[in-house]
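Read the structure below first, then the notes.
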Amino acid sequence: MSILSDVFKSTKAVILGMKRTLSEIPREKWTVQYPDVPVTVQPRYRGQHLLHVDENGKEKCVACYLCAAACPSECIYIEAQDDPRPYEERVGRDERYAKVYNIDYGRCIFCGFCVEACPKDAITHGYNFEISVYNRADLLKTKDDLLITKQKQSKNYRVALSTEDVDSEYKEVDSVGIKFRL
Amino acid sequence: MSELIKVTINEQDFEVEKGARLIDVCREKGFNIPSFCYYSDLALQASCRMCLVRIEKMPKLQTSCTITCTDGMIVTTQSEEIEKAQRAMSEFLLANHPLDCPVCDRGGECELQEMIFDWGDVEERFTEKKNVEPEKFLSPIVANDPQRCIVCKRCTRVCDEWMGEDAIEAGNRGVNTVIGTYGGWLNCSQCGNCIEVCPTGTLLDGVYRHETRPWELDQTITTDVYGSDGMQLSIGSRGGLVHRIVARDRYVNGLNGEFLDVKARFAHEFVNHPDRIKTPLIRYKKGGKLIPATWDEAIHFVGQKLTESGKNVGVVASPRLTNEAIFTLKRFAKEVVGTDNYAVSDRYDLSVFFDNLSAPLATHKEIRKAKTLVLIGGEPEEEQTFTAKQMRQAVRNDGAKLIIVNHTPIRLSAQASQFIHINPNSYDAFVLALTDSANDDANAKKLGIETKDLADFRQTLSETEGDTVVMFGGDLSPQAQSVLANSADAFDGTNAKVLFHPLPLYNNSVGANDLMEGKKSLSEVLKNSKALLIGGSLQEADTNLLANKDFIVVQELFETETTKYADVVLPAASFAEVDGTFTNNTGFVQRVRQAIEPVNQSKADWMITTLIAREMGADFGYNFSATMVFKAIADSVSAYEGLRYPALKDESKPVQVKHAISAKKDLSKEFDVLKSNVEKLSDEANKLTATPRVGHKLHRLTTLTSKTAQFHLLAHGNPKPENLLVSPLVQFNLDGTPRTETADAAAVGVTDRINLKVEY
Amino acid sequence: MEIKAIGCEPLQLKRMHIKDGHTLKVYQETGGYESLKKAMNMSQDDIINEVKASALRGRGGAGFPTGMKWSFVPRQSPKPKYVVCNADESEPGTFKDRYLLERDPHALIEGMLIAAFALGAAACYVYFRGEYRYLIDIMDKAIDEARAADIVGKNILGSDFSCEFFTHTGAGAYICGEETALLSSLEGYRGHPRMKPPFPAIEGLYACPTVVNNVETLTAVPQIIEMGGKAWQELGTEKSGGTKLWSVSGHVKKPGVYELPMGYKDLEKFIMEDCGGMLRDDKKLKAVIPGGSSVYIMNAEQIVGKGVTMDYEGLVVGGSMVGSGGFIVMDETVDVMESTKNLTEFYKHESCGWCTPCREGTDWLVKIFNRISEGGGRPEDAQLLLDICDNIEGKSFCPLGDAAAWPIQSAVKRFPEDFKKWLLNKTNGNGVVANI
């Protein structure tokens with residue numbers, strides 16, 4: 001074996017090794033500079049819940065407790081309230097609404113059963129995943145934290161990469177041209 | 001037992017009683033037959049057409065609820081044809097039924113919902129527009145959503161047959177049929193039984209409206225705390241709050257099936273009322289204020305003061321308390337204080353009845369099946385509602401004879417086969433007439449009736465073939481009660497068994513009488529003692545006797561007239577917060593179960609008494625367990641011998657305590673009193689002709705009828721009667737002015753629902 | 001307006017054209033109340049046997065043998081017995097009883113008295129439909145006349161037999177033509193049908209044995225007594241005796257009330273010759289409803305050249321039923337979808353709401369028909385209509401559910417073209433299809 005063939009072999013190996021690296025250099029970058037740069041997530045990502053409102057800003061939730069019943073980790077707590085006022089003065093869309101709507105994110109496993117159970121399309125998973133807190137008690141989110149009107153104002157509110165905003169009907173999102181590349 | 005016949009159901013042979021209803025037989029044998037309108041013991045309706053079965057040799061599918069079994073009948077309950085028919089019926093029912101289950105309070109316990117879920121795959125082919133009908137309130141406690149109605153008419157039948165009130169009826173025709181009132185608000189005693197029997201969300205509890213969902217509630221089976229009938233009910237609680245009360249069980253009939261009265265069903269808001277006493281209160285100085293204190297401090301203070309009083313301590317128990325609490329109070333008097341100064345603060349003294357009892361007590365089932373019912377005095381519709389319902393059904397459904405002796409034409413008298421309308425205050429004369437037929441003319445004159453009435457009365461009794469149940473209450477004089485209770489032979493028919501039924505006022509009047517053996521009268525106890533331990537408040541009229549006592553301890557829920565005199569008030573727990581037992585007017589010992597933790601700092605009554613006793617150096621050996629208290633009762637009271645909590649577990653098979661039946665006694669002393677009373681009666685008396693209405697003013701909060709002083713604590717209505725008043729005669733606004741609107745205008749429901757764009 | 005008998009002597013229609021036929025005088029002059037006298041000399045069993053022998057069948061619609069019905073009444077029962085006349089003639093297309101009540105009320109009184117005598121009944125009730133209020137005056141007058149002549153009331157015609165007469169009017173509910181609903185209404189309750197059994201013959205009015213018969217059935221009774229049951233039966237066929245009134249309406253030249261012997265041959269001849277043929281000569285026969293709206297509708301193929309006889313058995317063979325004899329003839333200008341829609345609306349409006357299939361089913365049917373007529377028909381609707389009808393039929397509480405289902409079932413099956421036109425073609429919102 002000559003030194004020359006060693007040099008040749010090793011050079012070839014280096015070039016072969018670098019080929020992958022070099023070919024990737026001109027390509028689009030996939031790395032996101034999180035948290036310096038905010039991220040977007042897949043449309044079907046299951047983040048912090050959103051409580052939706054109808055076109056007049058009335059809460060869609062009628063406090064039927066089905067999400068709480070479906071929840072495997074029993075993290076949803078609701079207290080219903082009668083609201084016999086006319087529609088214009090009501091809090092919710094129907095004559096019954098959730099006075100208290102709490103989700104304990106210390107227990108939530110983001111399984112999405114609550115979303116499936118909801119007969120009124122009032123609760124969906126949003127895209128916020130930044131729910132870590134310093135105090136365990138703060139993991140309990142109340143209706144104020146969950147309502148879409150409130151969340152929209154929060155800096156944590158984020159959307160999927162999609163032409164549609166989430167608070168229009170969630171279901172339409174995946175049918176309307178979603179880009180699967182970031 | 002009637003003869004047995006052979007019936008073949010789904011190719012299996014069964015022997016059943018002749019005349020049995022096919023649907024009952026099938027269900028008993030394990031073949032599930034769906035139905036909505038069928039309700040045992042109500043008139044047949046056969047309108048929902050769900051219970052269709054195929055019977056051989058009959059041309060069409062037959063409704064099993066209308067068929068009585070005949071020998072050799074061959075029945076098929078499951079086949080393709082039947083399933084198609086039943087699916088078709090549920091499809092029809094769903095056609096105009098709004099699918100607003102998420103909002104509906106019945107969701108989760110709705111019979112229609114259950115049935116559709118059982119099918120699992122009901123395809124909805126109805127694509128047209130559904131009929132809409134606005135929601136309304138039939139009364140503040142009965143909400144009505146006519147769209148959800150499937151016109152099974154259980155409510156109208158219950159109103160008519162159970163309550164005899166006919167306040168609710170179907171209006172309009174065909175698909176527009178709606179359940180409603182005869183104009184205006186529900187003109188009735190607001191019993192709410194229509195809500196209970198409704199299979200869908202058409203009639204709903206207006207108090208519990210949209211509060212929570214049934215599966216979220218913890219259901220605790222317990223006993224009614226108002227009436228002496230001991231109705232079984234189920235407390236629905238969630239997170240320490242009592243949300244609603246429904247009858248014992250929808251399908252398994254306990255004592256009372258689905259029957260409850262207005263108080264039992266709606267009057268539960270006192271449990272979580274903000275006015276409940278929160279901590280022990282001590283009045284350090286006479287005339288001073290009640291000041292909150294800790295339990296340790298209060299118990300120590302009480303123990304110290306009662307020890308100082310020595311043997312001058314009297315003990316008073318309220319008949320609303322559990323057997324355990326009453327027994328502990330008695331033990332306190334006997335063992336800790338060593339005195340005989342103990343009494344029950346009941347309105348009527350039941351000991352005269354039980355000491356002279358000459359025949360067994362009737363159970364409610366026996367009242368239902370009795371052939372002759374004799375009611376002397378009393379107003380069961382107001383005070384013993386379940387007894388009244390059983391009486392009415394015995395008369396209506398089984399043709400029993402009802403004889404009513406009363407000085408007012410109570411509403412039940414419309415059902416009576418003989419109504420003896422006597423002069424006011426002349427019950428003594430009737431009792432004399434009953435035991436002595438020689439002086440009929442003179443007695444009839446005193447009673448203000450014809451002599452023939454008494455002869456008719458005796459004839460009916462002698463012709464009775466079956467049970468005779470004699471009922472009378474504390475509104476008769478003690479002497480009259482003793483004589484009546486001791487003269488079972490006076491009611492003997494040809495082939496009859498005579499049974500007695502007392503009409504006490506409070507949920508545990510009978511238990512209090514049983515356990516407070518050797519009790520003295522209340523006034524005597526109050527006179528004899530310088531210090532008092534009172535469990536529950538006194539009747540309001542008696543409270544002035546509490547003045548000028550050295551030391552008074554009261555165990556109470558609310559601040560009442562009695563607590564005004566108290567030096568120490570200890571917060572007691574209500575019936576929803578304790579374990580224990582009540583004894584009802586048929587002698588059944590029934591469990592009271594803890595539904596929620598004691599609110600605030602309250603404790604069970606027997607526990608408070610035990611704490612005081614321990615402070616005074618006596619140990620009852622209860623280990624703070626109600627079971628141990630009941631064991632002590634069973635060990636020391638002969639009528640309760642051998643009973644334990646596990647024996648009382650099954651509400652459908654209640655246990656009757658063994659009240660001693662005494663032989664015929666010499667009651668000449670009582671007769672003398674009766675005779676002198678009767679002599680004092682004037683012949684010229686004005687009869688009362690107005691029929692008293694049942695349920696005068698209903699308070700929204702606890703919905704008590706003002707006519708019946710039930711709890712001491714609620715003796716004058718309820719703690720805060722500022723809420724909505726409802727009366728069958730006049731409806732009141734919040735400010736106390738009478739309502740004038742008609743039903744439509746008064747509907748406080750949501751009228752704009754039609755305009756709402758919500759897809760159901 | 002023709003009122004005449006064809007193929008037989010006028011029996012029911014005997015006094016239709018006699019002046020003042022409704023008065024007692026004329027009635028008696030024309031042989032009235034002779035049958036009553038004759039019957040009162042017969043034993044009760046003999047009367048019932050005569051009626052049985054006559055093969056008289058209920059003319060109200062169901063066609064139940066009258067003699068059999070009478071024999072079910074427990075005559076030994078200590079309870080009072082009642083005879084009730086069902087004059088609640090509400091079946092669309094039927095108007096025969098109206099003429100009998102208007103022009104021959106005494107025949108009804110006589111028939112009811114014979115029935116009352118045969119059953120030992122103490123009282124007779126005549127239940128009029130709400131819209132027949134003016135007939136009550138005629139009836140009351142007739143009863144007063146009869147009472148004055150000792151025919152009604154105490155000791156009728158000097159005998160021990162007493163029978164009181166009452167008239168009663170409904171409030172306009174079709175359901176009250178059903179016998180148990182009629183009894184409920186008569187007792188003062190809502191006109192809801194009652195459970196059978198117990199049948200009215202055992203527990204009817206006020207829970208006493210009761211016979212409920214149609215007007216025409218009862219007016220036939222005097223004739224049967226007069227002629228003898230056998231002779232009366234021989235007018236008709238073996239199973240359907242005597243004569244029958246037909247109320248003819250629709251697209252014929254001579255609509256009216258016709259009395260035909262049972263077993264009359266044939267249906268086509270009746271329309272084309274006796275009723276004067278089609279109203280417009282250039283329009284062909286399309287459909288016939290032979291027995292009031294609640295029976296199967298027949299199409300032309302089932303009639304023309306088929307030789308359908310007009311009696312209970314013959315019409316069943318022909319594909320329909322006698323019903324109450326409301327004979328509706330339609331020519332080809334009629335759209336059967338629309339006529340069926342009209343009928344269904346009637347049944348929806350008249351459903352009493354007692355049982356689920358009738359209450360919800362008729363409402364659903366009407367909603368479908370409305371959608372179809374507004375142009376929203378779908379091809380699967382035909383099957384849906386049949387399914388719904390199938391689910392109503394035989395499952396309802398009273399026969400009215402069946403009555404609502406049958407016309408639709410037969411219409412969809414026998415006139416598929418009329419439905420196809422609506423269900424297959426998309427139309428504009430005004431319901432205008434390529435219409436005739």
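Following the order of the structure tokens, first chain is A, next is B, and so on, with residues numbered from 1 inside each chain and ligands from 1 in the order they appear.
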Worksheet item: Which neighbours of Phe575 (chain B) fall inside 8 Å, counting only C-alpha atoms, when residues of the same chain fewer than 2 positions from it are skipped, and could you give them as a list in words?
Response: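 With the cut-off at 8 Å, the set is Val225, Ala573, Glu577, Val578, Asp579, Val592, Arg593 and Gln594 of chain B.
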Worksheet item: Which residues, written as a PyMOL selection string, have at least one atom at most 6 Å from region 203-208 of chain C, with only C-alpha atoms counted and residues fewer than 6 positions away on the same chain left out?
Response: chain C and resi 79+81+183
Worksheet item: Among region 69-287 of chain B, which residues carry a DSSP assignment of helix (DSSP H, G or I), reported as a PyMOL selection string?
Response: chain B and resi 80-95+111-119+146-148+154-161+174-176+193-197+214-216+262-266
Worksheet entry | Cys67 (chain A) environment, 9 Å, only C-alpha atoms, sequence neighbours closer than 2 positions dropped, as a ChimeraX atom specification | /A:64-65,69-71,76,113-118,123
Write out as an mmCIF file with N, CA, C and O atoms, in the first residue's frame which residues come within 10 Å of Asp145 (chain A) when counting only C-alpha atoms, dropping same-chain ones fewer than 3 positions away.
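The resulting file, part25.cif, is shown below:
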```cif
data_model
loop_
_atom_site.group_PDB
_atom_site.id
_atom_site.type_symbol
_atom_site.label_atom_id
_atom_site.label_comp_id
_atom_site.auth_asym_id
_atom_site.auth_seq_id
_atom_site.Cartn_x
_atom_site.Cartn_y
_atom_site.Cartn_z
ATOM 1 N N GLN A 48 -53.175 24.351 23.657
ATOM 2 C CA GLN A 48 -54.129 24.817 24.663
ATOM 3 C C GLN A 48 -55.496 25.040 24.019
ATOM 4 O O GLN A 48 -55.611 25.502 22.889
ATOM 5 N N HIS A 49 -56.562 24.723 24.799
ATOM 6 C CA HIS A 49 -57.909 24.771 24.233
ATOM 7 C C HIS A 49 -58.351 26.197 23.944
ATOM 8 O O HIS A 49 -57.905 27.151 24.588
ATOM 9 N N LEU A 50 -59.274 26.281 23.002
ATOM 10 C CA LEU A 50 -59.941 27.552 22.703
ATOM 11 C C LEU A 50 -61.429 27.365 22.937
ATOM 12 O O LEU A 50 -62.013 26.369 22.509
ATOM 13 N N LEU A 51 -62.050 28.301 23.611
ATOM 14 C CA LEU A 51 -63.508 28.308 23.722
ATOM 15 C C LEU A 51 -64.031 29.318 22.713
ATOM 16 O O LEU A 51 -63.679 30.494 22.774
ATOM 17 N N TYR A 101 -65.673 27.590 33.778
ATOM 18 C CA TYR A 101 -65.142 26.573 32.875
ATOM 19 C C TYR A 101 -63.637 26.504 33.109
ATOM 20 O O TYR A 101 -62.904 27.397 32.697
ATOM 21 N N ASN A 102 -63.223 25.482 33.830
ATOM 22 C CA ASN A 102 -61.812 25.373 34.183
ATOM 23 C C ASN A 102 -61.190 24.146 33.538
ATOM 24 O O ASN A 102 -61.799 23.086 33.501
ATOM 25 N N ILE A 103 -59.971 24.326 33.033
ATOM 26 C CA ILE A 103 -59.203 23.168 32.590
ATOM 27 C C ILE A 103 -57.888 23.168 33.351
ATOM 28 O O ILE A 103 -57.182 24.179 33.410
ATOM 29 N N LEU A 140 -54.081 25.828 36.268
ATOM 30 C CA LEU A 140 -55.535 25.821 36.171
ATOM 31 C C LEU A 140 -55.980 27.050 35.379
ATOM 32 O O LEU A 140 -55.845 28.176 35.842
ATOM 33 N N LYS A 141 -56.473 26.794 34.182
ATOM 34 C CA LYS A 141 -56.900 27.918 33.345
ATOM 35 C C LYS A 141 -58.410 28.084 33.461
ATOM 36 O O LYS A 141 -59.154 27.100 33.376
ATOM 37 N N THR A 142 -58.834 29.291 33.624
ATOM 38 C CA THR A 142 -60.263 29.554 33.763
ATOM 39 C C THR A 142 -60.838 29.939 32.404
ATOM 40 O O THR A 142 -60.135 30.001 31.405
ATOM 41 N N ILE A 148 -61.621 32.470 23.177
ATOM 42 C CA ILE A 148 -60.822 32.855 22.012
ATOM 43 C C ILE A 148 -60.658 34.364 21.937
ATOM 44 O O ILE A 148 -59.603 34.883 21.557
ATOM 45 N N THR A 149 -61.666 35.079 22.409
ATOM 46 C CA THR A 149 -61.574 36.536 22.361
ATOM 47 C C THR A 149 -60.442 37.034 23.248
ATOM 48 O O THR A 149 -59.767 38.012 22.943
ATOM 49 N N LYS A 150 -60.247 36.328 24.380
ATOM 50 C CA LYS A 150 -59.184 36.728 25.292
ATOM 51 C C LYS A 150 -57.832 36.235 24.777
ATOM 52 O O LYS A 150 -56.834 36.936 24.828
ATOM 53 N N GLN A 151 -57.804 35.017 24.259
ATOM 54 C CA GLN A 151 -56.535 34.443 23.833
ATOM 55 C C GLN A 151 -55.941 35.196 22.651
ATOM 56 O O GLN A 151 -54.730 35.283 22.504
ATOM 57 N N SER A 154 -53.624 37.698 23.538
ATOM 58 C CA SER A 154 -52.413 37.284 24.235
ATOM 59 C C SER A 154 -51.253 37.131 23.254
ATOM 60 O O SER A 154 -51.438 36.810 22.085
#
```
